[in-house]
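Student: Below is a structure I'd like to ask you about.
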Amino acid sequence: MDNGRILWVDDEVETLKPHIILLESKGFKVLTATNGADALVIIAENSFDVILLDEHMPGQSGLDVLPEIKALKVNVPVVMVTKSEEEGLMDKAIGDNIADYLIKPVQPKQVLSTLKRLLERKNLISERSIQSYQMAIRDISTSINEASSWAQWTSVYKELVVWDKKLNDSEAESMRPMLDHQKEEANRLFSRWWREFYPLSLKSNDSQCDFSHQILERKVLPHLRSGKKSVLLIFDNLRLDQWDELQPFFNNSFRIESNELYASILPTATQYARNSLISGLLPDELSQKYPDKWVPDLINSEGGRNSNELFFLSEWAKNHGIQDFSYAKVTNHVSEQKWVRQWQSRKNDNLIVLVINFIDMISHAKTDQSIVRDIASSDRGFRALTNSWWKNSPLRPWTEMIADNGFELFVTTDHGTISVKNPVSIKGPRNITANMRYKIGHGLEFNSKEVGLSISPAEVGLPSVMLGDTAVFASESGYFVYPNKFNEYASKFEGSYQHGGISMEEIIIPFAQLTPR
């Protein structure tokens with residue numbers, strides 16, 4: 001008999017044996033964890049019907065870890081177990097979406113009664129989510145097959161992101177293969193459409209969408225010229241689903257004026273997309289206008305490919321008559337703290353641009369660090385890490401200071417990322433970029449049926465490394481691997497997060513305008 005899977009998180013788990021014995025005798029399978037960090041790893045790797053969470057634990061308290069649990073398993077009921085009957089504490093817990101709470105000392109029958117009641121309600125909610133998705137499957141498939149414009153594709157992508165979060169509990173897991181199939185099919189058809197649309201639209205004045213190099217002038221400049229001081233946060237490598245995860249943190253201090261989507265240029269990689277975003281120019285224009293500042297996309301090139309962002313922003317500001325601006329990049333907790341300490345000396349500027357690198361660093365760490373790979377084993381886990389980082393970052397309370405100082409806030413990214421699954425063999429010179437989603441070089445050898453786009457760099461606004469270069473982009477969940485040690489590297493990078501190619505996750509990215517309340 002299997003009445004449900006329970007995770008009990010308590011630093012005094014040894015004292016709970018009578019409770020666990022009773023639950024197991026009633027057909028429940030009970031797993032335990034003694035702290036929040038271990039619990040998150042277990043939750044990321046397993047499905048549960050209910051989570052019992054101790055409020056008082058060393059390190060992260062139950063209230064601290066609760067948002068991270070909900071980010072991983074949004075629909076799994078959480079019962080807070082606490083020694084406190086303080087009304088404010090429980091109000092906060094309920095506001096953070098707990099399903100119920102129990103006051104210690106807890107009797108075994110109390111726990112059993114609570115679990116039975118929650119599971120009956122949870123099963124009803126899960127059934128409704130499954131039924132709603134089942135009813136929507138045909139409409140989603142039709143939308144995917146008929147999409148032929150930017151507006152239609154962004155609508156498809158947004159709907160898939162919504163369902164990805166709704167089908168997030170153990171009962172709804174049965175529908176995930178269908179959702180995954182629809183996401184894969186959507187990316188297959190989107191990549192085919194983008195291959196035709198992108199080269200024709202990139203340099204058009206009446207394109208269906210805004211591209212990276214058009215964002216500052218079209219979205220930020222009008223506010224600066226109207227006298228509104230503005231902060232632009234650029235989260236490196238932020239996807240739409242992650243922005244949805246972060247957005248509630250801003251709601252107390254800001255009102256969301258607009259939530260738009262724009263298109264990252266190709267390659268969907270920092271050297272190209274962010275330099276283009278900050279400069280207002282396409283990469284080939286940058287390399288021609290500032291040849292000493294553009295670093296060739298070669299492994300052995302000297303100088304950082306993103307080390308001239310302040311210069312590019314300065315040139316953009318000068319060309320548009322913007323004075324008193326600041327630029328900074330933060331890469332870790334220490335640099336985030338340093339930026340916050342410097343705020344008083346920056347807050348009189350008209351434009352502040354802050355590049356935040358944490359999410360990009362986490363996506364790369366998934367390949368090399370086992371704990372990150374375990375927690376971020378899926379997009380749900382990646383969202384949970386994003387949520388946890390921002391919740392504890394010194395930048396979060398700093399954004400409240402921005403609101404108090406009356407700044408308009410713009411939140412965006414340079415590109416997204418995708419978890420790759422399908423290795424694609426490619427041959428080329430040893431010194432071309434190591435990026436696994438695109439290659440630009442001479443003499444590339446590949447199967448044209450396995451790549452998303454093969455084109456002359458000049459046709460898509462890119463500088464050539466050598467005469468006769470070809471730009472090749474992976475699409476869907478493909479990633480490029482050289483034939484030498486193909487199986488070794490294919491295995492190493494399977495499931496890793498990569499960017500640079502063609503997928504909805506990499507190209508369709510958020511741009512939000514927030515106004516202080």
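Naming scheme: A, B, ... for chains in displayed order of the structure tokens; residues 1 onward per chain; ligands 1 onward as shown.
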Skipping near chain neighbours, those fewer than 3 positions away, what residues fall within 10 Å of Val460 in chain A using only C-alpha atoms, listed as a VMD selection string?
Tutor: chain A and resid 198 to 203 265 to 267 282 to 284 455 to 457 463 471
Student: I need the chosen residues saved as a compact mmCIF listing (two decimals), in the first residue's frame, with C-alpha atoms.
Tutor:
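Heads up, here's the output in again27.txt:
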```
# COMPACT_ATOMS: atom_id res chain seq x y z
CA TYR A 198 16.41 36.32 -38.72
CA PRO A 199 18.65 37.19 -41.71
CA LEU A 200 15.82 39.13 -43.36
CA SER A 201 14.71 41.01 -40.23
CA LEU A 202 17.91 41.83 -38.33
CA LYS A 203 18.66 45.04 -40.23
CA ILE A 265 21.04 38.50 -31.71
CA LEU A 266 23.08 35.52 -32.84
CA PRO A 267 25.27 34.17 -31.45
CA LEU A 282 25.76 45.07 -34.34
CA PRO A 283 29.02 43.16 -33.86
CA ASP A 284 30.31 43.87 -37.38
CA ILE A 455 25.49 31.39 -43.17
CA SER A 456 28.06 34.00 -44.10
CA PRO A 457 28.84 36.11 -40.99
CA PRO A 463 32.65 40.14 -38.25
CA ALA A 471 28.96 30.99 -39.10
```
Student: I need the residues in range 88-337 of chain A that are strand (DSSP E or B) according to DSSP; give them as a ChimeraX atom specification.
Tutor: /A:100-103,211,230-235,254-263,298,325-330
Student: Between CA of Val41 in chain A and CA of Trp243 in chain A, what is the distance, to one decimal in Å?
Tutor: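 Spanning CA of Val41 in chain A to CA of Trp243 in chain A is a straight-line distance of 22.5 Å.
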Student: For range 15-19 of chain A, find every residue with an atom within 9 Å (counting only C-alpha atoms), except residues of its own chain fewer than 5 positions away, and show them as JSON, numbers by chain.
Tutor: {"A": [10, 24, 106, 107, 108, 109, 111, 112]}
Student: Could those selected residues go to a file with N, CA and C atoms, as a tab-separated table (two decimals), in the first residue's frame?
Tutor:
```tsv
chain	number	residue	atom	x	y	z
A	10	ASP	N	13.94	18.06	9.70
A	10	ASP	CA	14.01	18.46	11.11
A	10	ASP	C	15.42	18.13	11.61
A	24	GLU	N	4.60	5.02	8.47
A	24	GLU	CA	4.96	3.90	7.59
A	24	GLU	C	3.98	2.75	7.75
A	106	VAL	N	4.43	17.73	18.63
A	106	VAL	CA	3.42	17.20	17.70
A	106	VAL	C	3.13	15.74	18.03
A	107	GLN	N	1.85	15.41	18.08
A	107	GLN	CA	1.45	14.03	18.32
A	107	GLN	C	1.36	13.29	16.97
A	108	PRO	N	1.75	12.00	16.95
A	108	PRO	CA	1.71	11.24	15.69
A	108	PRO	C	0.36	11.28	14.98
A	109	LYS	N	-0.73	11.21	15.75
A	109	LYS	CA	-2.05	11.21	15.11
A	109	LYS	C	-2.39	12.56	14.50
A	111	VAL	N	-0.20	14.48	13.00
A	111	VAL	CA	0.50	14.47	11.71
A	111	VAL	C	-0.30	13.65	10.70
A	112	LEU	N	-0.75	12.47	11.13
A	112	LEU	CA	-1.49	11.59	10.24
A	112	LEU	C	-2.76	12.27	9.73
```
Student: Determine, counting only C-alpha atoms, which protein, DNA and RNA residues have an atom within 9 Å of an atom of Lys165 in chain A; residues of the same chain fewer than 6 positions away are not included. Present the result as a PyMOL selection string.
Tutor: chain A and resi 71+73-75+241+380
Student: With C-alpha atoms retained, write the just-selected residues as a tab-separated table (two decimals), in the first residue's frame.
Tutor:
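Dumped everything to result-v2.tsv:
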```
chain	number	residue	atom	x	y	z
A	71	ALA	CA	10.69	27.08	-6.44
A	73	LYS	CA	8.18	21.95	-6.25
A	74	VAL	CA	5.66	24.74	-6.44
A	75	ASN	CA	2.62	22.50	-6.04
A	241	ASP	CA	11.11	31.37	-16.47
A	380	ARG	CA	13.05	23.60	-11.96
```
Student: Env of Val355 in chain A: 10 Å cut, atoms = only C-alpha atoms, seq-sep filter 5 positions within chain, self excluded. Answer as an mmCIF file with C-alpha atoms, in the first residue's frame.
Tutor:
```cif
data_model
loop_
_atom_site.group_PDB
_atom_site.id
_atom_site.type_symbol
_atom_site.label_atom_id
_atom_site.label_comp_id
_atom_site.auth_asym_id
_atom_site.auth_seq_id
_atom_site.Cartn_x
_atom_site.Cartn_y
_atom_site.Cartn_z
ATOM 1 C CA LEU A 232 19.340 49.109 -16.030
ATOM 2 C CA LEU A 233 19.963 45.674 -14.498
ATOM 3 C CA ILE A 234 21.418 43.197 -16.980
ATOM 4 C CA PHE A 235 21.261 39.666 -15.555
ATOM 5 C CA ASP A 236 23.701 37.702 -17.675
ATOM 6 C CA ARG A 274 25.766 42.005 -24.520
ATOM 7 C CA GLU A 309 31.710 47.305 -22.142
ATOM 8 C CA TYR A 327 28.608 51.182 -15.235
ATOM 9 C CA ALA A 328 29.675 48.228 -13.095
ATOM 10 C CA LYS A 329 29.817 44.454 -13.220
ATOM 11 C CA VAL A 330 29.371 42.210 -10.178
ATOM 12 C CA THR A 331 30.522 38.603 -10.231
ATOM 13 C CA THR A 412 16.725 42.517 -18.809
ATOM 14 C CA THR A 413 19.383 40.086 -19.984
ATOM 15 C CA ASP A 414 21.682 39.584 -22.938
#
```
Student: For Ser475 in chain A, find every residue with an atom within 12 Å (counting only C-alpha atoms), except residues of its own chain fewer than 5 positions away, and show them as a VMD selection string.
Tutor: chain A and resid 184 to 195 266 to 268 417 to 424 436 to 438 448 to 454 480 498 to 507
Student: Select, from A:Ser464, A:Glu173, A:Ser61, A:Gln247, the residue with the minimum atom-to-atom distance to Ser47 in chain A, counting only C-alpha atoms.
Tutor: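 Among A:Ser464, A:Glu173, A:Ser61, A:Gln247, it is A:Glu173 that comes nearest to Ser47 in chain A.
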Student: Any idea what the distance is between CA of Lys70 in chain A and CA of Ile508 in chain A?
Tutor: 25.2 Å
Student: Can you work out which one of A:Met57, A:Val220, A:Leu179, A:Leu395 has the shortest atom-to-atom distance to Trp163 in chain A, counting only C-alpha atoms?
Tutor: A:Leu179
Student: Rounded to one decimal in Å, what is the spacing between CA of Phe511 in chain A and CA of Leu409 in chain A?
Tutor: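 Computed distance, CA of Phe511 in chain A to CA of Leu409 in chain A, equals 10.6 Å.
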Student: May I have all residues of range 358-457 of chain A that DSSP, computed from the backbone, assigns to helix (DSSP H, G or I), given as a count of residues only?
Tutor: 45
Student: For Ala39 in chain A, which of A:Ser363, A:Ser287, A:Gln60, A:Asn308 is the closest residue, counting only C-alpha atoms?
Tutor: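 Among the listed residues, the smallest separation from Ala39 in chain A belongs to A:Gln60.
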Student: Can you pull out the residues contacting range 27-29 of chain A? Cut-off 12 Å, using only C-alpha atoms, and skip same-chain residues under 2 positions away; I want them as a PyMOL selection string.
Tutor: chain A and resi 1-8+19-25+31-32+47-51+111-112+115-116+119
Student: Go ahead and save the residues from that selection, with C-alpha atoms, as a PDB file, in the first residue's frame.
Tutor:
```pdb
ATOM      1  CA  MET A   1       0.000   0.000   0.000  1.00  0.00           C
ATOM      2  CA  ASP A   2       1.406   3.395  -0.994  1.00  0.00           C
ATOM      3  CA  ASN A   3      -0.521   6.323   0.469  1.00  0.00           C
ATOM      4  CA  GLY A   4       2.100   8.912  -0.370  1.00  0.00           C
ATOM      5  CA  ARG A   5       5.735   9.999  -0.163  1.00  0.00           C
ATOM      6  CA  ILE A   6       6.657  12.327   2.699  1.00  0.00           C
ATOM      7  CA  LEU A   7       9.840  14.294   3.346  1.00  0.00           C
ATOM      8  CA  TRP A   8      10.336  15.344   6.971  1.00  0.00           C
ATOM      9  CA  HIS A  19       5.888   9.394  14.248  1.00  0.00           C
ATOM     10  CA  ILE A  20       7.689   7.835  11.287  1.00  0.00           C
ATOM     11  CA  ILE A  21       6.867   4.287  12.412  1.00  0.00           C
ATOM     12  CA  LEU A  22       3.166   5.179  12.617  1.00  0.00           C
ATOM     13  CA  LEU A  23       3.178   6.842   9.187  1.00  0.00           C
ATOM     14  CA  GLU A  24       4.956   3.904   7.588  1.00  0.00           C
ATOM     15  CA  SER A  25       2.466   1.499   9.184  1.00  0.00           C
ATOM     16  CA  LEU A  31      12.365  10.212   3.900  1.00  0.00           C
ATOM     17  CA  THR A  32      14.183  12.555   6.280  1.00  0.00           C
ATOM     18  CA  SER A  47       9.000  13.434  -5.937  1.00  0.00           C
ATOM     19  CA  PHE A  48       7.034  14.011  -2.739  1.00  0.00           C
ATOM     20  CA  ASP A  49       3.378  14.397  -1.889  1.00  0.00           C
ATOM     21  CA  VAL A  50       3.879  16.472   1.300  1.00  0.00           C
ATOM     22  CA  ILE A  51       6.908  18.087   2.965  1.00  0.00           C
ATOM     23  CA  VAL A 111       0.498  14.469  11.710  1.00  0.00           C
ATOM     24  CA  LEU A 112      -1.490  11.590  10.236  1.00  0.00           C
ATOM     25  CA  LEU A 115      -1.454  14.449   5.873  1.00  0.00           C
ATOM     26  CA  LYS A 116      -4.728  12.716   4.999  1.00  0.00           C
ATOM     27  CA  LEU A 119      -3.453  14.673   0.247  1.00  0.00           C
TER      28      LEU A 119
END
```
